[in-house]
file entry39.csv (CSV, C-alpha atoms)
chain,number,residue,atom,x,y,z
A,1281,MET,CA,130.8,114.3,85.1
A,1282,VAL,CA,131.7,117.5,86.9
A,1283,LEU,CA,128.5,119.2,85.8
A,1284,TRP,CA,126.5,116.1,87.0
A,1285,LEU,CA,128.2,116.3,90.4
A,1286,VAL,CA,127.5,120.1,90.6
A,1287,ALA,CA,123.8,119.4,89.8
A,1288,ARG,CA,123.6,116.8,92.6
A,1289,TYR,CA,125.1,119.3,95.1
A,1290,ALA,CA,122.7,122.1,93.8
A,1291,ASN,CA,119.7,120.0,94.8
A,1292,LEU,CA,120.8,119.6,98.4
A,1293,SER,CA,119.5,121.8,101.2
A,1294,LEU,CA,121.3,123.1,104.2
A,1295,GLY,CA,119.8,120.3,106.2
A,1296,HIS,CA,121.3,117.8,103.8
A,1297,TYR,CA,124.7,119.4,104.1
A,1298,VAL,CA,124.5,119.2,107.9
A,1299,MET,CA,123.5,115.6,107.7
A,1300,ILE,CA,126.5,114.8,105.5
A,1301,ALA,CA,128.8,116.7,108.0
A,1302,VAL,CA,127.3,114.9,111.0
A,1303,THR,CA,127.4,111.4,109.6
A,1304,ILE,CA,130.4,111.3,107.3
A,1305,VAL,CA,132.9,114.2,107.4
A,1306,VAL,CA,133.3,114.6,111.2
A,1307,PRO,CA,133.6,110.9,112.0
A,1308,VAL,CA,136.3,110.6,109.4
A,1309,VAL,CA,138.2,113.8,110.2
A,1310,PHE,CA,138.2,113.5,114.0
A,1311,PRO,CA,140.0,110.2,114.3
A,1312,THR,CA,142.6,111.5,111.8
A,1313,ILE,CA,143.3,114.6,113.8
A,1314,ILE,CA,143.4,112.6,117.1
A,1315,GLY,CA,145.9,110.3,115.4
A,1316,TYR,CA,148.5,113.2,115.3
A,1317,PHE,CA,148.5,113.5,119.1
A,1318,SER,CA,150.3,110.7,120.9
A,1319,ILE,CA,148.7,109.7,124.1
A,1320,GLU,CA,150.8,107.2,126.1
A,1321,ARG,CA,148.4,105.9,128.6
A,1322,LEU,CA,145.7,103.6,127.4
A,1323,LEU,CA,143.3,104.6,130.1
A,1324,VAL,CA,143.5,108.3,129.1
A,1325,LYS,CA,143.0,107.4,125.4
A,1326,VAL,CA,139.9,105.2,126.3
A,1327,VAL,CA,138.4,107.9,128.4
A,1328,ILE,CA,138.9,110.6,125.7
A,1329,ASP,CA,137.5,108.3,123.0
A,1330,GLY,CA,134.5,107.4,125.2
A,1331,ILE,CA,133.7,111.0,126.0
A,1332,VAL,CA,134.0,112.0,122.4
A,1333,ILE,CA,131.8,109.1,121.2
A,1334,LEU,CA,129.2,109.9,123.8
A,1335,ILE,CA,129.1,113.6,123.0
A,1336,TRP,CA,129.1,113.0,119.3
A,1337,SER,CA,126.3,110.4,119.6
A,1338,VAL,CA,124.1,112.9,121.5
A,1339,PHE,CA,124.9,115.6,118.9
A,1340,VAL,CA,124.0,113.3,116.0
A,1341,VAL,CA,120.7,112.3,117.6
A,1342,VAL,CA,119.8,115.9,118.2
A,1343,VAL,CA,120.7,117.0,114.7
A,1344,VAL,CA,119.0,114.1,113.0
A,1345,SER,CA,115.8,114.5,115.1
A,1346,LYS,CA,115.7,118.2,114.2
A,1347,LEU,CA,116.0,117.5,110.5
A,1348,VAL,CA,113.3,114.8,110.7
A,1349,GLU,CA,111.0,117.1,112.6
A,1350,ARG,CA,111.5,119.8,110.0
A,1351,GLU,CA,110.9,117.4,107.1
A,1352,ASN,CA,107.8,116.0,108.8
A,1353,ARG,CA,106.4,119.5,109.3
A,1354,GLU,CA,107.0,120.3,105.6
A,1355,VAL,CA,105.4,117.0,104.5
A,1356,SER,CA,102.4,117.6,106.8
A,1357,GLN,CA,101.8,121.1,105.4
A,1358,LEU,CA,102.1,119.8,101.9
A,1359,VAL,CA,99.7,116.9,102.6
A,1360,GLY,CA,97.3,119.2,104.4
A,1361,ARG,CA,97.2,121.5,101.3
A,1362,GLN,CA,96.7,118.6,99.0
A,1363,VAL,CA,94.0,117.0,101.2
A,1364,GLY,CA,92.2,120.4,101.5
A,1365,GLU,CA,92.0,120.7,97.7
A,1366,VAL,CA,90.7,117.2,97.3
A,1367,ARG,CA,88.2,117.7,100.1
A,1368,GLY,CA,86.9,120.9,98.4
A,1369,GLN,CA,86.5,119.1,95.1
A,1370,LEU,CA,84.7,116.2,96.9
A,1371,ASP,CA,82.4,118.6,98.6
A,1372,ARG,CA,81.6,120.3,95.3
A,1373,LEU,CA,80.9,116.9,93.7
A,1374,LYS,CA,78.8,115.9,96.6
A,1375,GLN,CA,76.7,119.0,96.3
A,1376,GLU,CA,76.4,118.5,92.5
A,1377,HIS,CA,75.4,114.9,93.1
A,1378,GLN,CA,72.8,115.8,95.6
A,1379,ALA,CA,71.3,118.5,93.3
A,1380,GLU,CA,71.2,116.0,90.4
A,1381,THR,CA,69.7,113.3,92.6
A,1382,ALA,CA,67.0,115.8,93.7
A,1383,VAL,CA,66.2,116.8,90.1
A,1384,ALA,CA,66.1,113.1,89.0
A,1385,ARG,CA,63.8,112.3,92.0
A,1386,GLU,CA,61.5,115.1,91.1
A,1387,GLN,CA,61.4,114.0,87.4
A,1388,LEU,CA,60.7,110.4,88.5
A,1389,GLU,CA,57.8,111.5,90.8
A,1390,ASP,CA,56.4,113.7,88.0
A,1391,LEU,CA,56.7,110.8,85.5
A,1392,GLU,CA,55.0,108.4,88.0
A,1393,GLU,CA,52.2,110.9,88.6
A,1394,ARG,CA,51.7,111.3,84.8
A,1395,LEU,CA,51.7,107.6,84.3
A,1396,ARG,CA,49.3,107.1,87.2
A,1397,LEU,CA,46.9,109.7,85.8
A,1398,ALA,CA,47.2,108.2,82.3
A,1399,LEU,CA,46.5,104.7,83.5
A,1400,GLU,CA,43.7,105.8,85.7
A,1401,SER,CA,42.0,107.4,82.7
A,1402,VAL,CA,42.1,104.0,81.0
A,1403,GLY,CA,40.9,102.2,84.2
A,1404,VAL,CA,44.1,100.6,85.4
A,1405,GLU,CA,45.4,101.2,88.9
A,1406,LEU,CA,49.1,100.9,89.8
A,1407,ARG,CA,50.2,99.1,92.9
A,1408,PRO,CA,51.7,101.3,95.6
A,1409,LYS,CA,55.4,101.3,95.9
A,1410,SER,CA,57.0,99.1,98.5
A,1411,VAL,CA,59.1,100.8,101.0
A,1412,ARG,CA,61.6,98.9,103.2
A,1413,VAL,CA,62.6,100.4,106.5
A,1414,ARG,CA,65.4,98.9,108.5
A,1415,ALA,CA,66.9,100.0,111.8
A,1416,ARG,CA,69.9,98.7,113.7
A,1417,VAL,CA,71.8,99.6,116.9
A,1418,THR,CA,75.5,99.9,116.7
A,1419,MET,CA,77.4,100.6,120.0
A,1420,GLY,CA,74.3,102.2,121.5
A,1421,VAL,CA,73.8,104.6,118.7
A,1422,PRO,CA,70.5,104.0,116.8
A,1423,THR,CA,70.8,104.2,113.0
A,1424,MET,CA,68.0,103.9,110.6
A,1425,SER,CA,67.9,103.4,106.8
A,1426,ALA,CA,65.1,103.4,104.4
A,1427,ARG,CA,65.1,101.9,100.9
A,1428,LEU,CA,62.6,102.5,98.2
A,1429,ARG,CA,62.1,99.5,96.0
A,1430,VAL,CA,59.8,99.5,93.0
A,1431,THR,CA,58.8,95.9,92.2
A,1432,GLY,CA,58.0,94.7,88.7
A,1433,GLY,CA,59.8,95.0,85.4
A,1434,SER,CA,59.8,92.7,82.5
A,1435,ARG,CA,60.4,89.0,82.9
A,1436,LEU,CA,63.6,89.2,80.9
A,1437,ALA,CA,64.9,92.0,83.1
A,1438,ARG,CA,64.1,90.0,86.2
A,1439,MET,CA,65.9,87.0,84.8
A,1440,ARG,CA,69.0,89.1,83.9
A,1441,ARG,CA,69.1,90.5,87.4
A,1442,LEU,CA,68.8,87.0,88.9
A,1443,LEU,CA,71.6,85.8,86.7
A,1444,ARG,CA,73.7,88.9,87.5
A,1445,ARG,CA,73.2,88.4,91.3
A,1446,SER,CA,73.9,84.6,91.0
A,1447,ARG,CA,77.1,85.3,89.0
A,1448,SER,CA,78.2,87.9,91.6
A,1449,TRP,CA,77.4,85.6,94.5
A,1450,ALA,CA,79.4,82.7,92.8
A,1451,TRP,CA,82.3,85.0,92.1
A,1452,GLY,CA,82.3,86.2,95.7
A,1453,LYS,CA,82.3,82.6,97.0
A,1454,MET,CA,85.0,81.5,94.6
A,1455,TRP,CA,87.4,84.5,94.8
A,1456,GLY,CA,86.3,86.2,97.9
A,1457,SER,CA,85.3,89.9,98.3
A,1458,ARG,CA,87.4,93.0,98.9
A,1459,SER,CA,85.6,93.8,102.1
A,1460,GLY,CA,86.8,90.6,103.8
A,1461,PRO,CA,86.2,86.9,103.9
A,1462,SER,CA,82.8,86.0,102.6
A,1463,GLY,CA,80.7,83.8,104.8

call {"tool": "encode", "arguments": {"input": "entry39.csv", "output": "structure tokens"}}
result
Amino acid sequence: MVLWLVARYANLSLGHYVMIAVTIVVPVVFPTIIGYFSIERLLVKVVIDGIVILIWSVFVVVVVSKLVERENREVSQLVGRQVGEVRGQLDRLKQEHQAETAVAREQLEDLEERLRLALESVGVELRPKSVRVRARVTMGVPTMSARLRVTGGSRLARMRRLLRRSRSWAWGKMWGSRSGPSG
């Protein structure tokens, strides 16, 4: 039991000890000490108690606010370090993803060109890719997005996609979506 208590006190910082003194020790000790002095007049006793309570309240507010500021500063520094590390990892992942996407895009273009050449030698011509371009204005700032969509695929694959989209749509209508209410 004694070792357990010593371990608890060992984990406290100077700020914790100040907080204990401000909120527990002094409010208990001061009334005990004042009780040893006999003050006959009630008005004098009320004035002394009022002044002591006012001064002590201001002192407690100052001490607690300083401790909170220090803890906030330490937490902000810790969070800043953690966020910096995560931001660096995300930047590396983003660069790797962009590089992999560029390689995959080049391989896809190369494969499409080979397929086009192979089919042209047989006498079959591929339809050109469909490109969808969309623009919208949000708060006066124009934004534009482009989407490349290759049409076609097997009938079975199209049916699977249709079923998947239908199931997703029905699920969203029944349970709602995470982004907000579905309409």

call {"tool": "atom_distance", "arguments": {"input": "entry39.csv", "atom1": "CA of Ile1314 in chain A", "atom2": "CA of Leu1334 in chain A"}}
result
15.9 Å

call {"tool": "residues_around", "arguments": {"input": "entry39.csv", "residues": "range 1336-1350 of chain A", "least_positions_apart": "2", "cutoff": "9 Å", "atoms": "only C-alpha atoms", "output": "PDB file with C-alpha atoms, keeping the file's coordinate frame"}}
result
ATOM      1  CA  GLY A1295     119.800 120.300 106.200  1.00  0.00           C
ATOM      2  CA  HIS A1296     121.300 117.800 103.800  1.00  0.00           C
ATOM      3  CA  VAL A1298     124.500 119.200 107.900  1.00  0.00           C
ATOM      4  CA  MET A1299     123.500 115.600 107.700  1.00  0.00           C
ATOM      5  CA  VAL A1302     127.300 114.900 111.000  1.00  0.00           C
ATOM      6  CA  THR A1303     127.400 111.400 109.600  1.00  0.00           C
ATOM      7  CA  PRO A1307     133.600 110.900 112.000  1.00  0.00           C
ATOM      8  CA  ILE A1331     133.700 111.000 126.000  1.00  0.00           C
ATOM      9  CA  VAL A1332     134.000 112.000 122.400  1.00  0.00           C
ATOM     10  CA  ILE A1333     131.800 109.100 121.200  1.00  0.00           C
ATOM     11  CA  LEU A1334     129.200 109.900 123.800  1.00  0.00           C
ATOM     12  CA  ASN A1352     107.800 116.000 108.800  1.00  0.00           C
ATOM     13  CA  ARG A1353     106.400 119.500 109.300  1.00  0.00           C
ATOM     14  CA  GLU A1354     107.000 120.300 105.600  1.00  0.00           C
ATOM     15  CA  VAL A1355     105.400 117.000 104.500  1.00  0.00           C
TER      16      VAL A1355
END

call {"tool": "atom_distance", "arguments": {"input": "entry39.csv", "atom1": "CA of Gly1368 in chain A", "atom2": "CA of Val1383 in chain A"}}
result
22.7 Å

call {"tool": "atom_distance", "arguments": {"input": "entry39.csv", "atom1": "CA of Leu1388 in chain A", "atom2": "CA of Glu1405 in chain A"}}
result
17.9 Å

call {"tool": "decode", "arguments": {"input": "entry39.csv", "residues": "range 1367-1384 of chain A", "atoms": "N, CA and C atoms", "output": "JSON list (two decimals), in the first residue's frame"}}
result
[["chain", "number", "residue", "atom", "x", "y", "z"],
["A", 1367, "ARG", "N", 1.74, 13.77, -41.68],
["A", 1367, "ARG", "CA", 1.71, 14.54, -42.92],
["A", 1367, "ARG", "C", 2.86, 14.12, -43.84],
["A", 1368, "GLY", "N", 4.03, 13.90, -43.26],
["A", 1368, "GLY", "CA", 5.16, 13.44, -44.07],
["A", 1368, "GLY", "C", 4.89, 12.07, -44.68],
["A", 1369, "GLN", "N", 4.32, 11.16, -43.90],
["A", 1369, "GLN", "CA", 4.00, 9.84, -44.43],
["A", 1369, "GLN", "C", 2.94, 9.94, -45.53],
["A", 1370, "LEU", "N", 1.94, 10.79, -45.33],
["A", 1370, "LEU", "CA", 0.91, 10.96, -46.36],
["A", 1370, "LEU", "C", 1.49, 11.56, -47.63],
["A", 1371, "ASP", "N", 2.40, 12.52, -47.50],
["A", 1371, "ASP", "CA", 3.04, 13.10, -48.68],
["A", 1371, "ASP", "C", 3.83, 12.04, -49.45],
["A", 1372, "ARG", "N", 4.56, 11.19, -48.71],
["A", 1372, "ARG", "CA", 5.30, 10.13, -49.38],
["A", 1372, "ARG", "C", 4.36, 9.16, -50.09],
["A", 1373, "LEU", "N", 3.27, 8.79, -49.41],
["A", 1373, "LEU", "CA", 2.29, 7.89, -50.02],
["A", 1373, "LEU", "C", 1.66, 8.53, -51.25],
["A", 1374, "LYS", "N", 1.38, 9.82, -51.18],
["A", 1374, "LYS", "CA", 0.79, 10.52, -52.32],
["A", 1374, "LYS", "C", 1.74, 10.51, -53.51],
["A", 1375, "GLN", "N", 3.02, 10.78, -53.24],
["A", 1375, "GLN", "CA", 4.00, 10.76, -54.32],
["A", 1375, "GLN", "C", 4.14, 9.37, -54.92],
["A", 1376, "GLU", "N", 4.17, 8.35, -54.05],
["A", 1376, "GLU", "CA", 4.25, 6.98, -54.55],
["A", 1376, "GLU", "C", 3.01, 6.63, -55.36],
["A", 1377, "HIS", "N", 1.85, 7.05, -54.89],
["A", 1377, "HIS", "CA", 0.60, 6.77, -55.61],
["A", 1377, "HIS", "C", 0.61, 7.46, -56.97],
["A", 1378, "GLN", "N", 1.04, 8.71, -57.02],
["A", 1378, "GLN", "CA", 1.09, 9.43, -58.29],
["A", 1378, "GLN", "C", 2.06, 8.75, -59.26],
["A", 1379, "ALA", "N", 3.20, 8.30, -58.74],
["A", 1379, "ALA", "CA", 4.16, 7.62, -59.60],
["A", 1379, "ALA", "C", 3.58, 6.31, -60.12],
["A", 1380, "GLU", "N", 2.95, 5.53, -59.23],
["A", 1380, "GLU", "CA", 2.34, 4.27, -59.65],
["A", 1380, "GLU", "C", 1.21, 4.51, -60.65],
["A", 1381, "THR", "N", 0.42, 5.54, -60.44],
["A", 1381, "THR", "CA", -0.67, 5.87, -61.36],
["A", 1381, "THR", "C", -0.11, 6.25, -62.72],
["A", 1382, "ALA", "N", 0.96, 7.03, -62.73],
["A", 1382, "ALA", "CA", 1.56, 7.42, -64.01],
["A", 1382, "ALA", "C", 2.09, 6.19, -64.75],
["A", 1383, "VAL", "N", 2.73, 5.27, -64.02],
["A", 1383, "VAL", "CA", 3.25, 4.05, -64.65],
["A", 1383, "VAL", "C", 2.09, 3.22, -65.18],
["A", 1384, "ALA", "N", 1.02, 3.07, -64.40],
["A", 1384, "ALA", "CA", -0.13, 2.28, -64.85],
["A", 1384, "ALA", "C", -0.79, 2.93, -66.06]]
